Protein chains: 2
Amino acid sequence: MTIKDVARIAGVSVSTVSRVLNGKDRVNPETRRQVLEKVKELNYVPNNLAVSMVKKKTKIIAVVVPEILNPFYAAVVKGTEEIAKSRGYVTLILLTNDNEKEEKDYYDGILNKYVDGIILVGSHKNSEFYQSIEKPTILVDRYIENSGKDGVVIDNMGGTYQLTEHLIENGHTDIAIINGIMDFNDGRERFWGFKQAMSMHNIDVHEKYVKPGNWFEENGYQSTKELLQSDHPPSAILACNNLICIGAIKAIRDLDLKIGEDISLVGFDDHDLAQFNRPSVTVIDRPTYEMGTNAADMLIDQVEANTSKPLNPKKVNLSVNLKVRESVKNLNQSKHISSTK
Amino acid sequence: MTIKDVARIAGVSVSTVSRVLNGKDRVNPETRRQVLEKVKELNYVPNNLAVSMVKKKTKIIAVVVPEILNPFYAAVVKGTEEIAKSRGYVTLILLTNDNEKEEKDYYDGILNKYVDGIILVGSHKNSEFYQSIEKPTILVDRYIENSGKDGVVIDNMGGTYQLTEHLIENGHTDIAIINGIMDFNDGRERFWGFKQAMSMHNIDVHEKYVKPGNWFEENGYQSTKELLQSDHPPSAILACNNLICIGAIKAIRDLDLKIGEDISLVGFDDHDLAQFNRPSVTVIDRPTYEMGTNAADMLIDQVEANTSKPLNPKKVNLSVNLKVRESVKNLNQSKHISSTK
DNA sequence: TTGAAAGCGCTACCAA
DNA sequence: TTGGTAGCGCTTTCAA
């Protein structure tokens with residue numbers, strides 16, 4: 001069943017059928033009615049492949065993330081898919097496992113296949129790679145300067161700043177930070193936010209309390225153990241993402257210490273365990289779903305405006321949200337701070 | 001940059017370029033070398049849209065799931081994507097929110113757009129709907145009889161059977177079950193597994209210990225409370241999925257009771273909390289990732305064999321795995337059963 | 001308002 | 001072994 005068949009059966013030309021289907025040109029109302037009738041009758045649906053070929057637009061966008069089992073990325077995908085759907089697009093999903101090579105291959109192969117645009121949580125560090133992407137692209141979470149692309153990120157610095165200040169307000173000065181890799185803006189900015197807050201309050205950052213590493217649970221677990229088993233353990237730990245925080249919670253439990261009593265803990269990113277644990281853990285919550293929806297809207301705007309390279313790349317910075325719970329001991333009065341949420 | 005340009009610059013015909021690129025027909029080695037050289041030089045990549053149009057194959061498969069934030073579905077998506085990728089396909093993701101109408105709309109619109117086949121965790125109950133899908137389709141998790149489609153499911157009955165028997169072996173007879181909706185095979189089979197195990201051991205199922213409901217946490221929470229606050233509370237609870245189990249854990253904690261002491265608990269589906277909780281919770285673990293990989297392989301086999309409708313639809317039943325932990329009290333000797341994992 | 005026909009970029013058949 | 005060419009199913013001029 002092609003447009004030709006419809007035309008033949010309806011007794012009009014192919015062009016006419018095309019016209020009534022696209023509704024742009026004017027067609028005699030009576031002709032239109034008849035054509036529409038046949039279309040319905042024959043259950044005709046245009047072949048999108050052919051349409052795409054002519055229009056050079058596929059109505060497909062790609063979302064490229066390192067991993068889908070991580071709820072953070074899943075939320076980005078969800079946000080993307082829902083906006084895409086509502087605007088008539090579908091979503092291709094690509095998992096890179098944070099493998100630069102794999103990601104690169106996508107661009108040479110898959111991505112210039114079909115898609116109108118790309119939402120990308122990238123694994124590449126150098127801006128040249130991003131510059132070489134021809135299609136409209138929105139960078140999510142990780143932003144690369146001089147990439148020439150728009151981005152949607154969160155206020156990493158503000159997040160750790162708030163977390164650190166919250167600890168300081170509760171009388172903590174011996175604050176340790178367990179961070180992930182600093183290759184991207186996220187790790188770097190989170191560390192800066194911490195340093196900034198410390199310096200604003202004239203508190204020294206002890207070298208031994210700074211634990212860079214990676215974003216995984218094992219790092220959180222090991223670093224916490226080292227910290228707590230050292231000669232002069234900190235009074236509080238700032239875990240820079242959800243997995244590190246989970247590792248920290250487990251380490252503290254395994255050492256038979258009590259969160260909010262023996263050691264205070266705050267984390268970047270909210271997660272089930274932070275809520276479920278007793279005492280619950282104070283965290284910075286970030287709008288992950290909204291990162292997806294924002295990125296998708298920006299992307300589709302670009303696609304439909306035919307602006308593959310924004311003249312002035314812009315970075316949308318979504319604000320984060322401190323969720324005070326029960327994991328910080330108030331040293332000022334030597335008792336727990338009251339929880340708000 | 002089209003195949004025409006390459007042909008012109010290489011001084012050969014379009015057909016020849018096509019031949020060397022597809023590598024099926026034989027081409028003079030020297031010609032091939034020259035063409036390949038130009039292809040590389042010009043950085044030419046074929047337009048897949050055009051290829052798809054001619055070949056009537058897009059190398060795109062769709063995975064349709066109710067929700068992506070649920071780790072179970074995320075694992076299915078991950079399994080699908082990885083197999084697809086390794087076999088040269090890409091994956092379109094569609095979220096239905098378990099909304100039948102939304103799902104239906106996909107078939108009328110999006111899905112006959114492009115895709116070669118579909119992996120489907122369906123929301124529809126009636127087999128006619130599935131019969132009407134023209135493309136190769138694999139049903140995952142939920143299987144509908146007479147749908148005419150192949151399926152990949154898990155051994156639901158075996159799962160609850162093992163769970164129940166485990167309780168019985170530990171001396172429990174007052175066993176309650178909190179189940180989800182019974183509209184699909186999953187809820188029904190899980191209930192049957194429970195009944196079967198009880199009857200095999202000649203234990204009566206008390207009406208008041210059977211709690212059907214839905215698959216959400218709230219149901220687990222409320223039902224557990226009702227059960228435990230009743231006149232004659234059960235000694236053990238079987239939670240039929242991850243969310244119900246989480247609800248149960250929270251309810252038990254809120255009632256200040258201790259799992260494995262005051263009340264035994266087992267769950268269908270493994271999840272973070274079941275592992276993290278102390279005592280940890282005995283569960284049935286199911287191979288979710290493998291459901292995705294199996295389904296994707298079956299689907300692509302069908303696509304490449306051009307068999308949109310299998311003559312003898314088959315259902316692949318993946319076995320599940322009891323993970324004994326610490327949440328079941330041994331009533332036989334009135335102390336905890338030792339944990340294995 | 002309608003129809004004819006060119007063309008989107010490619011594959012595959014038929015001839016040479 | 002190669003080249004010419006007819007489509008794939010559609011949109012979009014251009015003329016009528």
# chains A, B, ... in the order shown; residues from 1 in each chain; ligands from 1
>>> interface_residues(of="chain A", to="chain D", cutoff="8 Å", atoms="only C-alpha atoms (C1' of nucleotides)", output="VMD selection string")
chain A and resid 2 to 3 18 47 50 to 51 54 to 55
>>> write_last_selection(atoms="N, CA, C and O atoms", output="mmCIF file, in the first residue's frame")
data_model
loop_
_atom_site.group_PDB
_atom_site.id
_atom_site.type_symbol
_atom_site.label_atom_id
_atom_site.label_comp_id
_atom_site.auth_asym_id
_atom_site.auth_seq_id
_atom_site.Cartn_x
_atom_site.Cartn_y
_atom_site.Cartn_z
ATOM 1 N N THR A 2 0.949 1.882 -1.171
ATOM 2 C CA THR A 2 1.761 3.100 -1.277
ATOM 3 C C THR A 2 0.891 4.276 -1.674
ATOM 4 O O THR A 2 -0.296 4.124 -1.959
ATOM 5 N N ILE A 3 1.505 5.408 -1.733
ATOM 6 C CA ILE A 3 0.769 6.622 -2.089
ATOM 7 C C ILE A 3 0.206 6.499 -3.508
ATOM 8 O O ILE A 3 -0.840 7.066 -3.834
ATOM 9 N N SER A 18 -0.449 13.519 -1.752
ATOM 10 C CA SER A 18 0.611 14.088 -0.928
ATOM 11 C C SER A 18 0.156 15.409 -0.326
ATOM 12 O O SER A 18 0.341 15.680 0.852
ATOM 13 N N ASN A 47 5.173 5.798 4.235
ATOM 14 C CA ASN A 47 6.456 5.193 4.555
ATOM 15 C C ASN A 47 7.426 6.295 4.984
ATOM 16 O O ASN A 47 7.842 7.118 4.194
ATOM 17 N N ALA A 50 10.832 6.944 3.169
ATOM 18 C CA ALA A 50 10.788 7.732 1.946
ATOM 19 C C ALA A 50 10.616 9.211 2.266
ATOM 20 O O ALA A 50 11.290 10.072 1.686
ATOM 21 N N VAL A 51 9.757 9.486 3.233
ATOM 22 C CA VAL A 51 9.553 10.883 3.623
ATOM 23 C C VAL A 51 10.866 11.477 4.122
ATOM 24 O O VAL A 51 11.262 12.577 3.730
ATOM 25 N N VAL A 54 13.424 12.351 1.440
ATOM 26 C CA VAL A 54 13.155 13.585 0.723
ATOM 27 C C VAL A 54 13.371 14.805 1.613
ATOM 28 O O VAL A 54 14.014 15.774 1.231
ATOM 29 N N LYS A 55 12.846 14.722 2.829
ATOM 30 C CA LYS A 55 12.907 15.899 3.703
ATOM 31 C C LYS A 55 14.236 16.040 4.437
ATOM 32 O O LYS A 55 14.498 17.070 5.045
#
>>> residues_around(residues="Tyr130 (chain B)", least_positions_apart="2", cutoff="10 Å", atoms="only C-alpha atoms (C1' of nucleotides)", output="PDB file with C-alpha atoms, in the first residue's frame")
ATOM      1  CA  LEU B 120       7.956  -5.742  24.059  1.00  0.00           C
ATOM      2  CA  GLY B 122       3.405  -5.231  26.914  1.00  0.00           C
ATOM      3  CA  HIS B 124      -2.155  -5.127  26.713  1.00  0.00           C
ATOM      4  CA  LYS B 125      -4.078  -8.082  28.000  1.00  0.00           C
ATOM      5  CA  ASN B 126      -5.808  -9.300  24.878  1.00  0.00           C
ATOM      6  CA  SER B 127      -4.082 -11.429  22.322  1.00  0.00           C
ATOM      7  CA  GLU B 128      -5.718  -9.728  19.333  1.00  0.00           C
ATOM      8  CA  SER B 132      -2.122  -7.352  14.808  1.00  0.00           C
ATOM      9  CA  ILE B 133       1.547  -6.440  15.052  1.00  0.00           C
ATOM     10  CA  GLU B 134       3.101  -7.166  11.687  1.00  0.00           C
ATOM     11  CA  THR B 137       8.117  -9.274  17.986  1.00  0.00           C
ATOM     12  CA  LEU B 139       7.333 -10.644  24.273  1.00  0.00           C
ATOM     13  CA  ILE B 144       0.209 -13.527  26.292  1.00  0.00           C
ATOM     14  CA  GLU B 145      -1.050 -16.882  25.073  1.00  0.00           C
ATOM     15  CA  ASN B 146      -2.288 -17.004  21.490  1.00  0.00           C
ATOM     16  CA  SER B 147      -0.452 -13.823  20.703  1.00  0.00           C
ATOM     17  CA  GLY B 148       1.387 -15.702  17.989  1.00  0.00           C
ATOM     18  CA  LYS B 149       4.654 -14.248  19.231  1.00  0.00           C
TER      19      LYS B 149
END
>>> interface_residues(of="chain B", to="chain C", cutoff="12 Å", atoms="only C-alpha atoms (C1' of nucleotides)", output="compact mmCIF listing (two decimals) with N, CA, C and O atoms, in the first residue's frame")
# COMPACT_ATOMS: atom_id res chain seq x y z
N MET B 1 28.25 14.80 -0.32
CA MET B 1 29.09 13.66 -0.69
C MET B 1 28.23 12.39 -0.85
O MET B 1 27.81 11.81 0.13
N THR B 2 27.95 12.05 -2.08
CA THR B 2 27.14 10.86 -2.34
C THR B 2 27.94 9.83 -3.12
O THR B 2 29.06 10.09 -3.53
N ILE B 3 27.31 8.72 -3.33
CA ILE B 3 27.99 7.64 -4.05
C ILE B 3 28.34 8.09 -5.47
O ILE B 3 29.32 7.65 -6.06
N LYS B 4 27.54 9.00 -5.97
CA LYS B 4 27.76 9.54 -7.31
C LYS B 4 29.08 10.29 -7.38
O LYS B 4 29.86 10.13 -8.33
N ASP B 5 29.29 11.13 -6.36
CA ASP B 5 30.53 11.90 -6.32
C ASP B 5 31.73 10.97 -6.27
O ASP B 5 32.71 11.18 -6.99
N VAL B 14 28.73 4.21 -10.67
CA VAL B 14 28.07 4.11 -9.36
C VAL B 14 27.94 2.65 -8.94
O VAL B 14 28.18 2.30 -7.78
N SER B 15 27.58 1.82 -9.86
CA SER B 15 27.40 0.40 -9.53
C SER B 15 28.67 -0.20 -8.95
O SER B 15 28.64 -0.99 -8.02
N THR B 16 29.78 0.19 -9.55
CA THR B 16 31.06 -0.35 -9.09
C THR B 16 31.35 0.07 -7.65
O THR B 16 31.73 -0.75 -6.82
N VAL B 17 31.12 1.33 -7.36
CA VAL B 17 31.33 1.80 -5.99
C VAL B 17 30.44 1.01 -5.04
O VAL B 17 30.88 0.52 -4.00
N SER B 18 29.19 0.88 -5.44
CA SER B 18 28.25 0.13 -4.59
C SER B 18 28.77 -1.29 -4.36
O SER B 18 28.73 -1.80 -3.25
N ARG B 19 29.29 -1.88 -5.42
CA ARG B 19 29.79 -3.25 -5.29
C ARG B 19 30.96 -3.36 -4.32
O ARG B 19 30.97 -4.24 -3.48
N LEU B 21 31.68 -1.44 -1.96
CA LEU B 21 31.22 -1.12 -0.61
C LEU B 21 30.45 -2.28 0.03
O LEU B 21 30.54 -2.52 1.23
N ASN B 22 29.70 -2.99 -0.80
CA ASN B 22 28.91 -4.07 -0.23
C ASN B 22 29.64 -5.40 -0.27
O ASN B 22 29.23 -6.35 0.39
N LYS B 24 29.83 -7.91 -2.08
CA LYS B 24 29.21 -9.19 -2.43
C LYS B 24 29.69 -9.67 -3.80
O LYS B 24 30.28 -10.71 -3.94
N ASP B 25 29.42 -8.82 -4.79
CA ASP B 25 29.86 -9.19 -6.14
C ASP B 25 31.38 -9.09 -6.24
O ASP B 25 32.02 -8.45 -5.42
N VAL B 45 30.57 8.26 3.74
CA VAL B 45 29.76 7.28 4.47
C VAL B 45 28.41 7.19 3.79
O VAL B 45 27.78 8.23 3.53
N PRO B 46 27.96 6.00 3.46
CA PRO B 46 26.69 5.87 2.74
C PRO B 46 25.52 6.43 3.54
O PRO B 46 25.54 6.41 4.77
N ASN B 47 24.56 6.92 2.86
CA ASN B 47 23.33 7.40 3.50
C ASN B 47 22.43 6.19 3.80
O ASN B 47 21.87 5.57 2.91
N ASN B 48 22.30 5.93 5.07
CA ASN B 48 21.55 4.73 5.46
C ASN B 48 20.08 4.79 5.11
O ASN B 48 19.44 3.77 4.97
N LEU B 49 19.58 6.00 5.07
CA LEU B 49 18.17 6.14 4.73
C LEU B 49 17.91 5.54 3.36
O LEU B 49 16.98 4.78 3.15
N ALA B 50 18.78 5.91 2.43
CA ALA B 50 18.62 5.41 1.06
C ALA B 50 18.81 3.90 1.01
O ALA B 50 18.05 3.18 0.35
N VAL B 51 19.82 3.43 1.72
CA VAL B 51 20.05 1.99 1.75
C VAL B 51 18.82 1.26 2.29
O VAL B 51 18.35 0.28 1.73
N SER B 52 18.31 1.79 3.42
CA SER B 52 17.15 1.15 4.05
C SER B 52 15.96 1.12 3.10
O SER B 52 15.21 0.16 3.06
N MET B 53 15.82 2.19 2.38
CA MET B 53 14.66 2.26 1.51
C MET B 53 14.72 1.16 0.46
O MET B 53 13.73 0.49 0.18
N VAL B 54 15.88 0.96 -0.10
CA VAL B 54 16.02 -0.07 -1.12
C VAL B 54 15.92 -1.47 -0.51
O VAL B 54 15.21 -2.33 -1.01
N LYS B 55 16.63 -1.66 0.60
CA LYS B 55 16.69 -2.99 1.18
C LYS B 55 15.47 -3.34 2.05
O LYS B 55 15.31 -4.49 2.45
N LYS B 56 14.73 -2.34 2.39
CA LYS B 56 13.57 -2.55 3.26
C LYS B 56 13.95 -3.17 4.60
O LYS B 56 13.23 -3.99 5.17
>>> interface_residues(of="chain B", to="chain A", cutoff="9 Å", atoms="only C-alpha atoms", output="ChimeraX atom specification")
/B:45-50,52-53,58,60,62,67-72,74-75,77-78,81-82,85,88-95,108-110,112-114,250,272-273,276-277
>>> residues_around(residues="region 283-291 of chain A", least_positions_apart="3", cutoff="6 Å", atoms="only C-alpha atoms (C1' of nucleotides)", output="short mmCIF file (atom, residue, chain, number, x, y, z; two decimals) with C-alpha atoms, in the first residue's frame")
data_model
loop_
_atom_site.label_atom_id
_atom_site.label_comp_id
_atom_site.auth_asym_id
_atom_site.auth_seq_id
_atom_site.Cartn_x
_atom_site.Cartn_y
_atom_site.Cartn_z
CA ALA A 75 16.25 9.69 34.54
CA VAL A 76 17.96 11.67 31.80
CA GLY A 79 13.14 13.01 30.45
CA VAL A 266 26.77 14.19 53.58
CA GLY A 267 26.52 13.21 49.94
CA PHE A 268 26.14 14.61 46.48
CA ASP A 269 23.14 13.01 44.71
CA ASP A 270 20.11 11.58 46.41
CA ASN A 294 15.56 20.58 29.11
CA ALA A 295 18.13 19.02 26.86
CA VAL A 320 20.45 21.79 43.09
CA ASN A 321 18.66 21.27 46.32
CA LEU A 322 19.98 20.54 49.81
CA LYS A 323 17.96 17.88 51.60
#
>>> select_by_dssp(residues="region 116-336 of chain B", states="alpha helix (DSSP H)", output="ChimeraX atom specification")
/B:127-131,156-169,185-200,217-229,242-254,272-276,288-305
>>> select_by_dssp(residues="region 20-167 of chain B", states="strand (DSSP E or B)", output="PyMOL selection string")
chain B and resi 60-65+90-95+117-120+137-140+150-154
>>> write_last_selection(atoms="N, CA, C and O atoms", output="mmCIF file, in the first residue's frame")
data_model
loop_
_atom_site.group_PDB
_atom_site.id
_atom_site.type_symbol
_atom_site.label_atom_id
_atom_site.label_comp_id
_atom_site.auth_asym_id
_atom_site.auth_seq_id
_atom_site.Cartn_x
_atom_site.Cartn_y
_atom_site.Cartn_z
ATOM 1 N N ILE B 60 17.226 -1.217 12.764
ATOM 2 C CA ILE B 60 16.804 -0.605 14.024
ATOM 3 C C ILE B 60 15.795 -1.543 14.675
ATOM 4 O O ILE B 60 14.868 -2.019 14.018
ATOM 5 N N ILE B 61 15.973 -1.815 15.954
ATOM 6 C CA ILE B 61 14.928 -2.543 16.670
ATOM 7 C C ILE B 61 14.410 -1.656 17.789
ATOM 8 O O ILE B 61 15.108 -0.755 18.257
ATOM 9 N N ALA B 62 13.185 -1.920 18.188
ATOM 10 C CA ALA B 62 12.586 -1.105 19.240
ATOM 11 C C ALA B 62 12.449 -1.931 20.504
ATOM 12 O O ALA B 62 12.157 -3.120 20.445
ATOM 13 N N VAL B 63 12.706 -1.314 21.634
ATOM 14 C CA VAL B 63 12.424 -1.977 22.893
ATOM 15 C C VAL B 63 11.382 -1.137 23.629
ATOM 16 O O VAL B 63 11.561 0.066 23.839
ATOM 17 N N VAL B 64 10.256 -1.774 23.921
ATOM 18 C CA VAL B 64 9.126 -1.069 24.508
ATOM 19 C C VAL B 64 8.959 -1.529 25.952
ATOM 20 O O VAL B 64 8.685 -2.704 26.208
ATOM 21 N N VAL B 65 9.134 -0.633 26.886
ATOM 22 C CA VAL B 65 9.001 -0.989 28.312
ATOM 23 C C VAL B 65 8.118 0.019 29.025
ATOM 24 O O VAL B 65 7.990 1.160 28.580
ATOM 25 N N VAL B 90 20.752 -0.782 15.983
ATOM 26 C CA VAL B 90 20.604 0.201 17.041
ATOM 27 C C VAL B 90 19.218 0.062 17.657
ATOM 28 O O VAL B 90 18.330 -0.578 17.097
ATOM 29 N N THR B 91 19.060 0.671 18.810
ATOM 30 C CA THR B 91 17.888 0.426 19.630
ATOM 31 C C THR B 91 17.066 1.683 19.865
ATOM 32 O O THR B 91 17.581 2.678 20.369
ATOM 33 N N LEU B 92 15.818 1.589 19.522
ATOM 34 C CA LEU B 92 14.877 2.676 19.767
ATOM 35 C C LEU B 92 14.204 2.365 21.087
ATOM 36 O O LEU B 92 13.783 1.236 21.307
ATOM 37 N N ILE B 93 14.098 3.348 21.967
ATOM 38 C CA ILE B 93 13.463 3.053 23.252
ATOM 39 C C ILE B 93 12.124 3.763 23.364
ATOM 40 O O ILE B 93 11.997 4.937 23.006
ATOM 41 N N LEU B 94 11.128 3.050 23.827
ATOM 42 C CA LEU B 94 9.788 3.596 23.946
ATOM 43 C C LEU B 94 9.256 3.291 25.341
ATOM 44 O O LEU B 94 9.240 2.137 25.757
ATOM 45 N N LEU B 95 8.817 4.333 26.052
ATOM 46 C CA LEU B 95 8.274 4.135 27.397
ATOM 47 C C LEU B 95 6.763 4.272 27.361
ATOM 48 O O LEU B 95 6.241 5.266 26.853
ATOM 49 N N GLY B 117 12.054 -4.796 14.038
ATOM 50 C CA GLY B 117 11.440 -5.710 14.990
ATOM 51 C C GLY B 117 11.269 -5.055 16.343
ATOM 52 O O GLY B 117 11.766 -3.960 16.574
ATOM 53 N N ILE B 118 10.555 -5.764 17.220
ATOM 54 C CA ILE B 118 10.160 -5.149 18.481
ATOM 55 C C ILE B 118 10.363 -6.097 19.665
ATOM 56 O O ILE B 118 9.980 -7.270 19.599
ATOM 57 N N ILE B 119 10.943 -5.559 20.721
ATOM 58 C CA ILE B 119 10.992 -6.291 21.983
ATOM 59 C C ILE B 119 10.026 -5.593 22.913
ATOM 60 O O ILE B 119 10.105 -4.383 23.120
ATOM 61 N N LEU B 120 9.122 -6.369 23.451
ATOM 62 C CA LEU B 120 7.956 -5.742 24.059
ATOM 63 C C LEU B 120 7.611 -6.286 25.441
ATOM 64 O O LEU B 120 7.352 -7.472 25.623
ATOM 65 N N THR B 137 8.266 -9.786 16.624
ATOM 66 C CA THR B 137 8.117 -9.274 17.986
ATOM 67 C C THR B 137 8.455 -10.352 19.011
ATOM 68 O O THR B 137 8.048 -11.501 18.853
ATOM 69 N N ILE B 138 9.171 -9.974 20.033
ATOM 70 C CA ILE B 138 9.427 -10.891 21.139
ATOM 71 C C ILE B 138 8.796 -10.308 22.399
ATOM 72 O O ILE B 138 9.077 -9.161 22.774
ATOM 73 N N LEU B 139 7.959 -11.081 23.029
ATOM 74 C CA LEU B 139 7.333 -10.644 24.273
ATOM 75 C C LEU B 139 8.260 -10.969 25.439
ATOM 76 O O LEU B 139 8.717 -12.103 25.573
ATOM 77 N N VAL B 140 8.518 -9.983 26.281
ATOM 78 C CA VAL B 140 9.421 -10.213 27.398
ATOM 79 C C VAL B 140 8.676 -10.075 28.719
ATOM 80 O O VAL B 140 7.857 -9.167 28.890
ATOM 81 N N ASP B 150 6.820 -15.101 19.863
ATOM 82 C CA ASP B 150 7.746 -15.769 20.764
ATOM 83 C C ASP B 150 7.883 -14.949 22.038
ATOM 84 O O ASP B 150 7.590 -13.754 22.049
ATOM 85 N N GLY B 151 8.345 -15.615 23.087
ATOM 86 C CA GLY B 151 8.488 -14.886 24.338
ATOM 87 C C GLY B 151 9.696 -15.316 25.144
ATOM 88 O O GLY B 151 10.211 -16.419 24.976
ATOM 89 N N VAL B 152 10.158 -14.418 25.995
ATOM 90 C CA VAL B 152 11.209 -14.758 26.956
ATOM 91 C C VAL B 152 10.665 -14.413 28.333
ATOM 92 O O VAL B 152 10.369 -13.250 28.618
ATOM 93 N N VAL B 153 10.504 -15.414 29.146
ATOM 94 C CA VAL B 153 9.915 -15.185 30.465
ATOM 95 C C VAL B 153 10.775 -15.863 31.536
ATOM 96 O O VAL B 153 11.758 -16.517 31.224
ATOM 97 N N ILE B 154 10.394 -15.651 32.762
ATOM 98 C CA ILE B 154 11.122 -16.341 33.822
ATOM 99 C C ILE B 154 10.176 -17.315 34.512
ATOM 100 O O ILE B 154 8.956 -17.264 34.337
#
>>> residues_around(residues="Lys195 (chain B)", least_positions_apart="3", cutoff="12 Å", atoms="only C-alpha atoms (C1' of nucleotides)", output="list in words")
Met157, Gly158, Thr160, Tyr161, Gln162, Leu163, Thr164, Glu165, Ile175, Ala176, Ile177, Arg188, Glu189, Arg190, Phe191, Trp192, Met198, Ser199, Met200, His201, Asn202, Ile203, Asp204, Val205, His206, Glu207, Tyr209, Val210 and Leu238 of chain B
>>> closest_residue(among="A:Val12, A:Gln302, A:Asn156, A:Asp141", to="Ser319 (chain A)", atoms="only C-alpha atoms")
A:Asn156
>>> atom_distance(atom1="CA of Asn306 (chain B)", atom2="CA of Arg87 (chain B)")
16.0 Å
>>> atom_distance(atom1="CA of Asn179 (chain B)", atom2="CA of Cys240 (chain B)")
5.0 Å
>>> closest_residue(among="B:Val39, B:Leu265, B:Ala84, B:Val121", to="Ser235 (chain B)", atoms="only C-alpha atoms")
B:Leu265
>>> atom_distance(atom1="CA of Ile300 (chain B)", atom2="CA of Lys104 (chain B)")
22.8 Å
>>> decode(residues="region 63-78 of chain B", atoms="N, CA and C atoms", output="compact mmCIF listing (two decimals), in the first residue's frame")
# COMPACT_ATOMS: atom_id res chain seq x y z
N VAL B 63 12.71 -1.31 21.63
CA VAL B 63 12.42 -1.98 22.89
C VAL B 63 11.38 -1.14 23.63
N VAL B 64 10.26 -1.77 23.92
CA VAL B 64 9.13 -1.07 24.51
C VAL B 64 8.96 -1.53 25.95
N VAL B 65 9.13 -0.63 26.89
CA VAL B 65 9.00 -0.99 28.31
C VAL B 65 8.12 0.02 29.03
N PRO B 66 7.51 -0.40 30.12
CA PRO B 66 6.63 0.52 30.85
C PRO B 66 7.39 1.69 31.47
N GLU B 67 8.63 1.43 31.90
CA GLU B 67 9.30 2.42 32.74
C GLU B 67 10.80 2.15 32.72
N ILE B 68 11.58 3.18 32.78
CA ILE B 68 13.03 2.97 32.70
C ILE B 68 13.71 3.17 34.05
N LEU B 69 13.01 3.79 34.99
CA LEU B 69 13.63 3.99 36.31
C LEU B 69 13.61 2.70 37.12
N ASN B 70 12.78 1.78 36.75
CA ASN B 70 12.76 0.48 37.40
C ASN B 70 13.97 -0.33 36.90
N PRO B 71 14.85 -0.70 37.81
CA PRO B 71 16.09 -1.39 37.40
C PRO B 71 15.83 -2.65 36.60
N PHE B 72 14.68 -3.29 36.83
CA PHE B 72 14.37 -4.49 36.08
C PHE B 72 14.26 -4.19 34.59
N TYR B 73 13.50 -3.19 34.25
CA TYR B 73 13.36 -2.85 32.84
C TYR B 73 14.65 -2.26 32.28
N ALA B 74 15.35 -1.50 33.12
CA ALA B 74 16.62 -0.94 32.66
C ALA B 74 17.58 -2.06 32.25
N ALA B 75 17.56 -3.15 33.01
CA ALA B 75 18.45 -4.27 32.69
C ALA B 75 18.03 -4.93 31.38
N VAL B 76 16.75 -5.02 31.15
CA VAL B 76 16.26 -5.58 29.89
C VAL B 76 16.73 -4.71 28.72
N VAL B 77 16.61 -3.40 28.90
CA VAL B 77 17.04 -2.48 27.87
C VAL B 77 18.54 -2.61 27.62
N LYS B 78 19.28 -2.71 28.70
CA LYS B 78 20.72 -2.83 28.56
C LYS B 78 21.10 -4.10 27.80
